[in-house]
Amino acid sequence: MNIGIIGLGLIGGSLSLDFRLQGYKVLGVSRQQYTCDIAVQKGVVDESSTSLELLATADLIFICTPIHLIVPTLEKLTPYLKTQTIVTDVGSVKGVIVANCGQLWPNFVGSHPMAGKTEQGINAAECGLFVNAPYLITPLESTPNFAVEILTEIVQKLGCKIYYSSPEEHDRAVAWISHLPVMISTSLIQACAKEQDLNIRELAENLASSGFRDTSRVGGGNPELGLMMAKYNRQALLISLANYRQNLDKVIDYITGEKWQELEEILLSSHQYRANFIQSK
C-alpha cells in the first residue's frame, strides 16, 4: 500500500515516519520545496513534491493541512485519485469538513489524532507521537465500510486508542477539552498582560513557574490553529464558553461573599473529577 501525506508539518511528518517504519511507501506533498527537500533528506518520506500529482498512485491519503485548506486541497486532489483511493484528514473540527469532503469524494473518512506538542514543522516530527493517544474516526452513514475498516487497520499500527463518533459528537466533545482550554488560556495570558503596575507585572513574569506554564501553554500556541477552532467550531465553542463563564461567575460569587465551604466543595469536586480526563501515555 502506498500512503500519501499532504502537509509535512508536525502531524503529517510524524505520521510519515511511523508509516515508513511499518514498511509502507510514503509519498509526501508540501507547499514549500524546502520542506519537501528536508523530508526526503531526513527519511521522513520516500518521495516528495509540491505537486498533488505525486499522489496518483496512493491508496490512502492523509490531508494534514490547516483546517481552512482541507476542503480546497481535496478539490484539487480529486482529478488524480484512483477510484478506490481512501482520503482522510487530521483536522480538529469535523462537522463542516466531513460534510463538504464527503460530497467531493465518496471514500472520504474524517478523522482526528489527538496528539501534538508545542514545536511545529517538519523538524519537530517524531516517531511514536501517537502511541496511546486518542484517534477519533468520524464516518457518516454513507461512508463505505471498506474505507473505515482500512483506515482503522492502518492507524491501529500507530499504537493509538481508536474511538468512533459522528462528526457532530466529535465537535461537541472536542470543544470542551481542546477548543475551550485554548480560549481560557488565551484569556489568562491577556489578563496578566494588562496588569497596569509595571513592577507587579515584571515580578509576576519572573515568578511564573510550572503552574502558569501548564495553564498558559495552549493559549500561547499556534494562533492560526486557535482562530480556525473558533471559526469552524463556533457553535459548540460558544456553548462551552457560556457554561465556563457561569462556573467562573460562581467562583467569583463564592469568594466575594466569603462562602468558603461552597468554594471548598467545588475545589474538592474538581480535584476528584479531573482524574476522568487524565490518561497516562
# chains A, B, ... in the order shown; residues from 1 in each chain; ligands from 1
call {"tool": "residues_around", "arguments": {"residues": "Leu225 (chain A)", "least_positions_apart": "2", "cutoff": "10 Å", "atoms": "only C-alpha atoms", "output": "PyMOL selection string"}}
result
chain A and resi 66-68+91-92+179+182+221-223+227-231
call {"tool": "closest_atom_pairs", "arguments": {"of": "region 112-200 of chain A", "to": "region 16-30 of chain A", "cutoff": "12 Å", "atoms": "only C-alpha atoms", "output": "Markdown table"}}
result
| residue | atom | partner | partner_atom | distance |
| --- | --- | --- | --- | --- |
| A:Gly121 | CA | A:Ser30 | CA | 11.1 |
| A:Ile122 | CA | A:Ser30 | CA | 10.2 |
| A:Asn123 | CA | A:Leu17 | CA | 11.8 |
| A:Ala124 | CA | A:Leu17 | CA | 11.5 |
| A:Ala125 | CA | A:Leu17 | CA | 7.8 |
| A:Glu126 | CA | A:Leu17 | CA | 6.9 |
| A:Cys127 | CA | A:Asp18 | CA | 5.6 |
| A:Gly128 | CA | A:Asp18 | CA | 6.8 |
| A:Leu129 | CA | A:Asp18 | CA | 8.6 |
| A:Phe130 | CA | A:Asp18 | CA | 9.0 |
| A:Val131 | CA | A:Asp18 | CA | 10.2 |
| A:Ile154 | CA | A:Phe19 | CA | 8.6 |
| A:Val155 | CA | A:Phe19 | CA | 9.0 |
| A:Gln156 | CA | A:Phe19 | CA | 11.0 |
| A:Lys157 | CA | A:Gln22 | CA | 7.7 |
| A:Leu158 | CA | A:Asp18 | CA | 6.7 |
| A:Gly159 | CA | A:Asp18 | CA | 9.9 |
| A:Cys160 | CA | A:Asp18 | CA | 11.7 |
call {"tool": "write_last_selection", "arguments": {"atoms": "N, CA and C atoms", "output": "mmCIF file, in the first residue's frame"}}
result
data_model
loop_
_atom_site.group_PDB
_atom_site.id
_atom_site.type_symbol
_atom_site.label_atom_id
_atom_site.label_comp_id
_atom_site.auth_asym_id
_atom_site.auth_seq_id
_atom_site.Cartn_x
_atom_site.Cartn_y
_atom_site.Cartn_z
ATOM 1 N N GLY A 121 6.204 22.067 12.558
ATOM 2 C CA GLY A 121 7.019 21.955 11.367
ATOM 3 C C GLY A 121 7.666 20.598 11.197
ATOM 4 N N ILE A 122 8.273 20.406 10.037
ATOM 5 C CA ILE A 122 8.861 19.122 9.674
ATOM 6 C C ILE A 122 9.969 18.711 10.641
ATOM 7 N N ASN A 123 10.715 19.671 11.163
ATOM 8 C CA ASN A 123 11.814 19.343 12.067
ATOM 9 C C ASN A 123 11.334 18.886 13.440
ATOM 10 N N ALA A 124 10.052 19.102 13.733
ATOM 11 C CA ALA A 124 9.500 18.655 15.012
ATOM 12 C C ALA A 124 8.907 17.249 14.923
ATOM 13 N N ALA A 125 8.808 16.711 13.703
ATOM 14 C CA ALA A 125 8.216 15.381 13.515
ATOM 15 C C ALA A 125 9.012 14.326 14.269
ATOM 16 N N GLU A 126 8.310 13.347 14.835
ATOM 17 C CA GLU A 126 8.975 12.301 15.604
ATOM 18 C C GLU A 126 8.212 10.991 15.519
ATOM 19 N N CYS A 127 8.929 9.904 15.675
ATOM 20 C CA CYS A 127 8.303 8.585 15.716
ATOM 21 C C CYS A 127 7.594 8.406 17.052
ATOM 22 N N GLY A 128 6.473 7.689 17.038
ATOM 23 C CA GLY A 128 5.776 7.356 18.271
ATOM 24 C C GLY A 128 4.940 8.463 18.864
ATOM 25 N N LEU A 129 4.703 9.524 18.123
ATOM 26 C CA LEU A 129 3.926 10.642 18.648
ATOM 27 C C LEU A 129 2.506 10.216 19.028
ATOM 28 N N PHE A 130 1.963 9.210 18.339
ATOM 29 C CA PHE A 130 0.560 8.840 18.511
ATOM 30 C C PHE A 130 0.349 7.644 19.447
ATOM 31 N N VAL A 131 1.417 7.135 20.016
ATOM 32 C CA VAL A 131 1.291 5.984 20.910
ATOM 33 C C VAL A 131 0.417 6.345 22.118
ATOM 34 N N ILE A 154 -4.958 0.613 9.434
ATOM 35 C CA ILE A 154 -3.686 1.320 9.271
ATOM 36 C C ILE A 154 -3.332 2.131 10.521
ATOM 37 N N VAL A 155 -4.280 2.894 11.054
ATOM 38 C CA VAL A 155 -3.939 3.769 12.187
ATOM 39 C C VAL A 155 -3.750 2.969 13.483
ATOM 40 N N GLN A 156 -4.323 1.766 13.553
ATOM 41 C CA GLN A 156 -4.081 0.920 14.716
ATOM 42 C C GLN A 156 -2.588 0.658 14.894
ATOM 43 N N LYS A 157 -1.863 0.621 13.790
ATOM 44 C CA LYS A 157 -0.434 0.340 13.837
ATOM 45 C C LYS A 157 0.372 1.493 14.422
ATOM 46 N N LEU A 158 -0.288 2.636 14.630
ATOM 47 C CA LEU A 158 0.379 3.766 15.268
ATOM 48 C C LEU A 158 0.443 3.595 16.783
ATOM 49 N N GLY A 159 -0.295 2.601 17.304
ATOM 50 C CA GLY A 159 -0.333 2.390 18.746
ATOM 51 C C GLY A 159 -1.289 3.323 19.466
ATOM 52 N N CYS A 160 -2.221 3.914 18.710
ATOM 53 C CA CYS A 160 -3.169 4.863 19.304
ATOM 54 C C CYS A 160 -4.419 4.151 19.824
#
call {"tool": "closest_residue", "arguments": {"among": "A:Val45, A:Val98, A:Ile189, A:Ile255", "to": "Asp214 (chain A)", "atoms": "only C-alpha atoms"}}
result
A:Ile189
call {"tool": "atom_distance", "arguments": {"atom1": "CA of Leu60 (chain A)", "atom2": "CA of Phe108 (chain A)"}}
result
9.9 Å
call {"tool": "closest_residue", "arguments": {"among": "A:Ala193, A:Ile97, A:Ala147, A:Ile177", "to": "Ile278 (chain A)", "atoms": "only C-alpha atoms"}}
result
A:Ile177
call {"tool": "residues_around", "arguments": {"residues": "region 237-249 of chain A", "least_positions_apart": "6", "cutoff": "9 Å", "atoms": "only C-alpha atoms", "output": "list in words"}}
result
Asp171, Arg172, Val174, Ala175, Trp176, His179, Leu180, Met183, Ile184, Met229 and Ala230 of chain A
call {"tool": "select_by_dssp", "arguments": {"residues": "region 114-152 of chain A", "states": "alpha helix (DSSP H)", "output": "VMD selection string"}}
result
chain A and resid 145 to 152
call {"tool": "select_by_dssp", "arguments": {"residues": "region 73-254 of chain A", "states": "strand (DSSP E or B)", "output": "ChimeraX atom specification"}}
result
/A:86-89,108-113,134-138,161-164
call {"tool": "closest_residue", "arguments": {"among": "A:Ile150, A:Ala208, A:Leu188, A:Val96", "to": "Ile137 (chain A)", "atoms": "only C-alpha atoms"}}
result
A:Ile150
call {"tool": "closest_residue", "arguments": {"among": "A:Thr57, A:Gln120, A:Gln103, A:Ser48", "to": "Leu74 (chain A)", "atoms": "only C-alpha atoms"}}
result
A:Gln103
call {"tool": "atom_distance", "arguments": {"atom1": "CA of Gly13 (chain A)", "atom2": "CA of Ile61 (chain A)"}}
result
13.2 Å
call {"tool": "residues_around", "arguments": {"residues": "Lys82 (chain A)", "least_positions_apart": "6", "cutoff": "8 Å", "atoms": "only C-alpha atoms", "output": "compact mmCIF listing (two decimals) with all heavy atoms, in the first residue's frame"}}
result
# COMPACT_ATOMS: atom_id res chain seq x y z
N ALA A 56 -0.95 10.17 -7.34
CA ALA A 56 -1.80 9.40 -8.26
C ALA A 56 -1.74 7.91 -7.98
O ALA A 56 -2.68 7.17 -8.30
CB ALA A 56 -1.39 9.67 -9.70
N THR A 57 -0.65 7.44 -7.35
CA THR A 57 -0.52 6.01 -7.06
C THR A 57 -0.85 5.68 -5.60
O THR A 57 -0.72 4.53 -5.18
CB THR A 57 0.91 5.52 -7.35
OG1 THR A 57 1.83 6.25 -6.52
CG2 THR A 57 1.27 5.74 -8.81
N ALA A 58 -1.27 6.67 -4.83
CA ALA A 58 -1.55 6.45 -3.41
C ALA A 58 -2.86 5.70 -3.22
O ALA A 58 -3.83 5.90 -3.94
CB ALA A 58 -1.60 7.78 -2.67
N ASP A 59 -2.87 4.81 -2.22
CA ASP A 59 -4.08 4.05 -1.88
C ASP A 59 -4.83 4.67 -0.71
O ASP A 59 -6.04 4.50 -0.58
CB ASP A 59 -3.69 2.61 -1.51
CG ASP A 59 -2.93 1.93 -2.64
OD1 ASP A 59 -3.55 1.68 -3.69
OD2 ASP A 59 -1.72 1.66 -2.47
call {"tool": "closest_residue", "arguments": {"among": "A:Asn233, A:Thr73, A:Ser210, A:Ser165", "to": "Gly110 (chain A)", "atoms": "only C-alpha atoms"}}
result
A:Ser165
call {"tool": "residues_around", "arguments": {"residues": "Phe62 (chain A)", "least_positions_apart": "5", "cutoff": "7 Å", "atoms": "only C-alpha atoms", "output": "number ranges by chain"}}
result
A: 4-6, 87-89
call {"tool": "closest_residue", "arguments": {"among": "A:Thr65, A:Ser111, A:Gln41, A:Ser209", "to": "Thr152 (chain A)", "atoms": "only C-alpha atoms"}}
result
A:Ser111
call {"tool": "residues_around", "arguments": {"residues": "Ser142 (chain A)", "least_positions_apart": "4", "cutoff": "12 Å", "atoms": "only C-alpha atoms", "output": "CSV table (one decimal) with N, CA and C atoms, in the first residue's frame"}}
result
chain,number,residue,atom,x,y,z
A,98,VAL,N,-16.2,17.1,7.2
A,98,VAL,CA,-16.8,15.8,6.7
A,98,VAL,C,-17.9,16.1,5.7
A,99,ALA,N,-18.8,17.0,6.0
A,99,ALA,CA,-19.9,17.3,5.2
A,99,ALA,C,-19.5,17.7,3.8
A,102,GLY,N,-17.1,14.8,2.1
A,102,GLY,CA,-17.9,13.6,1.7
A,102,GLY,C,-18.6,13.8,0.4
A,103,GLN,N,-19.0,15.0,0.1
A,103,GLN,CA,-19.6,15.3,-1.2
A,103,GLN,C,-18.6,15.3,-2.3
A,105,TRP,N,-15.7,13.5,-2.4
A,105,TRP,CA,-15.1,12.2,-2.6
A,105,TRP,C,-15.8,11.1,-1.8
A,106,PRO,N,-16.4,10.1,-2.4
A,106,PRO,CA,-17.2,9.1,-1.7
A,106,PRO,C,-16.4,8.3,-0.7
A,107,ASN,N,-15.1,8.2,-0.9
A,107,ASN,CA,-14.3,7.4,0.0
A,107,ASN,C,-13.6,8.2,1.0
A,108,PHE,N,-14.2,9.3,1.4
A,108,PHE,CA,-13.6,10.2,2.4
A,108,PHE,C,-14.1,9.8,3.8
A,109,VAL,N,-13.1,9.7,4.7
A,109,VAL,CA,-13.4,9.3,6.1
A,109,VAL,C,-12.8,10.4,7.0
A,138,THR,N,-14.6,9.5,12.3
A,138,THR,CA,-15.9,10.1,12.3
A,138,THR,C,-16.6,9.9,11.0
A,146,PHE,N,-15.7,-0.4,3.8
A,146,PHE,CA,-14.3,-0.8,3.5
A,146,PHE,C,-13.3,0.4,3.8
A,147,ALA,N,-13.7,1.6,3.5
A,147,ALA,CA,-12.9,2.8,3.8
A,147,ALA,C,-12.6,2.9,5.3
A,148,VAL,N,-13.6,2.7,6.1
A,148,VAL,CA,-13.5,2.9,7.5
A,148,VAL,C,-12.6,1.7,8.1
A,166,SER,N,-20.0,10.4,15.6
A,166,SER,CA,-20.4,11.2,14.4
A,166,SER,C,-19.6,12.5,14.4
call {"tool": "atom_distance", "arguments": {"atom1": "CA of Glu224 (chain A)", "atom2": "CA of Gly95 (chain A)"}}
result
19.0 Å
call {"tool": "decode", "arguments": {"residues": "region 260-275 of chain A", "atoms": "N, CA, C and O atoms", "output": "PDB file, in the first residue's frame"}}
result
ATOM      1  N   TRP A 260     -16.726  30.133  51.953  1.00  0.00           N
ATOM      2  CA  TRP A 260     -15.566  29.251  51.863  1.00  0.00           C
ATOM      3  C   TRP A 260     -15.950  27.773  51.783  1.00  0.00           C
ATOM      4  O   TRP A 260     -15.268  27.002  51.119  1.00  0.00           O
ATOM      5  N   GLN A 261     -17.027  27.390  52.411  1.00  0.00           N
ATOM      6  CA  GLN A 261     -17.436  25.987  52.352  1.00  0.00           C
ATOM      7  C   GLN A 261     -17.861  25.616  50.931  1.00  0.00           C
ATOM      8  O   GLN A 261     -17.485  24.553  50.412  1.00  0.00           O
ATOM      9  N   GLU A 262     -18.624  26.511  50.291  1.00  0.00           N
ATOM     10  CA  GLU A 262     -19.058  26.248  48.927  1.00  0.00           C
ATOM     11  C   GLU A 262     -17.865  26.189  47.971  1.00  0.00           C
ATOM     12  O   GLU A 262     -17.801  25.343  47.074  1.00  0.00           O
ATOM     13  N   LEU A 263     -16.905  27.104  48.191  1.00  0.00           N
ATOM     14  CA  LEU A 263     -15.709  27.102  47.356  1.00  0.00           C
ATOM     15  C   LEU A 263     -14.909  25.821  47.554  1.00  0.00           C
ATOM     16  O   LEU A 263     -14.418  25.218  46.594  1.00  0.00           O
ATOM     17  N   GLU A 264     -14.794  25.389  48.799  1.00  0.00           N
ATOM     18  CA  GLU A 264     -14.059  24.158  49.089  1.00  0.00           C
ATOM     19  C   GLU A 264     -14.724  22.960  48.415  1.00  0.00           C
ATOM     20  O   GLU A 264     -14.037  22.056  47.900  1.00  0.00           O
ATOM     21  N   GLU A 265     -16.041  22.946  48.376  1.00  0.00           N
ATOM     22  CA  GLU A 265     -16.770  21.836  47.778  1.00  0.00           C
ATOM     23  C   GLU A 265     -16.491  21.713  46.281  1.00  0.00           C
ATOM     24  O   GLU A 265     -16.282  20.608  45.760  1.00  0.00           O
ATOM     25  N   ILE A 266     -16.459  22.851  45.565  1.00  0.00           N
ATOM     26  CA  ILE A 266     -16.208  22.745  44.130  1.00  0.00           C
ATOM     27  C   ILE A 266     -14.730  22.465  43.857  1.00  0.00           C
ATOM     28  O   ILE A 266     -14.397  21.805  42.864  1.00  0.00           O
ATOM     29  N   LEU A 267     -13.844  22.935  44.726  1.00  0.00           N
ATOM     30  CA  LEU A 267     -12.428  22.600  44.568  1.00  0.00           C
ATOM     31  C   LEU A 267     -12.207  21.097  44.770  1.00  0.00           C
ATOM     32  O   LEU A 267     -11.451  20.463  44.026  1.00  0.00           O
ATOM     33  N   LEU A 268     -12.889  20.534  45.762  1.00  0.00           N
ATOM     34  CA  LEU A 268     -12.789  19.104  46.013  1.00  0.00           C
ATOM     35  C   LEU A 268     -13.401  18.309  44.865  1.00  0.00           C
ATOM     36  O   LEU A 268     -12.826  17.314  44.402  1.00  0.00           O
ATOM     37  N   SER A 269     -14.549  18.773  44.373  1.00  0.00           N
ATOM     38  CA  SER A 269     -15.207  18.102  43.255  1.00  0.00           C
ATOM     39  C   SER A 269     -14.318  18.114  42.010  1.00  0.00           C
ATOM     40  O   SER A 269     -14.197  17.112  41.300  1.00  0.00           O
ATOM     41  N   SER A 270     -13.681  19.249  41.753  1.00  0.00           N
ATOM     42  CA  SER A 270     -12.791  19.372  40.602  1.00  0.00           C
ATOM     43  C   SER A 270     -11.580  18.456  40.751  1.00  0.00           C
ATOM     44  O   SER A 270     -11.142  17.821  39.787  1.00  0.00           O
ATOM     45  N   HIS A 271     -11.044  18.384  41.952  1.00  0.00           N
ATOM     46  CA  HIS A 271      -9.903  17.516  42.236  1.00  0.00           C
ATOM     47  C   HIS A 271     -10.239  16.053  41.905  1.00  0.00           C
ATOM     48  O   HIS A 271      -9.438  15.335  41.308  1.00  0.00           O
ATOM     49  N   GLN A 272     -11.439  15.643  42.265  1.00  0.00           N
ATOM     50  CA  GLN A 272     -11.847  14.256  42.059  1.00  0.00           C
ATOM     51  C   GLN A 272     -12.210  13.989  40.593  1.00  0.00           C
ATOM     52  O   GLN A 272     -11.841  12.956  40.029  1.00  0.00           O
ATOM     53  N   TYR A 273     -12.910  14.939  39.957  1.00  0.00           N
ATOM     54  CA  TYR A 273     -13.405  14.715  38.597  1.00  0.00           C
ATOM     55  C   TYR A 273     -12.296  14.784  37.548  1.00  0.00           C
ATOM     56  O   TYR A 273     -12.372  14.145  36.497  1.00  0.00           O
ATOM     57  N   ARG A 274     -11.241  15.529  37.836  1.00  0.00           N
ATOM     58  CA  ARG A 274     -10.157  15.694  36.868  1.00  0.00           C
ATOM     59  C   ARG A 274      -9.546  14.355  36.453  1.00  0.00           C
ATOM     60  O   ARG A 274      -9.097  14.189  35.309  1.00  0.00           O
ATOM     61  N   ALA A 275      -9.567  13.394  37.361  1.00  0.00           N
ATOM     62  CA  ALA A 275      -8.978  12.082  37.065  1.00  0.00           C
ATOM     63  C   ALA A 275      -9.644  11.420  35.859  1.00  0.00           C
ATOM     64  O   ALA A 275      -9.031  10.602  35.164  1.00  0.00           O
TER      65      ALA A 275
END
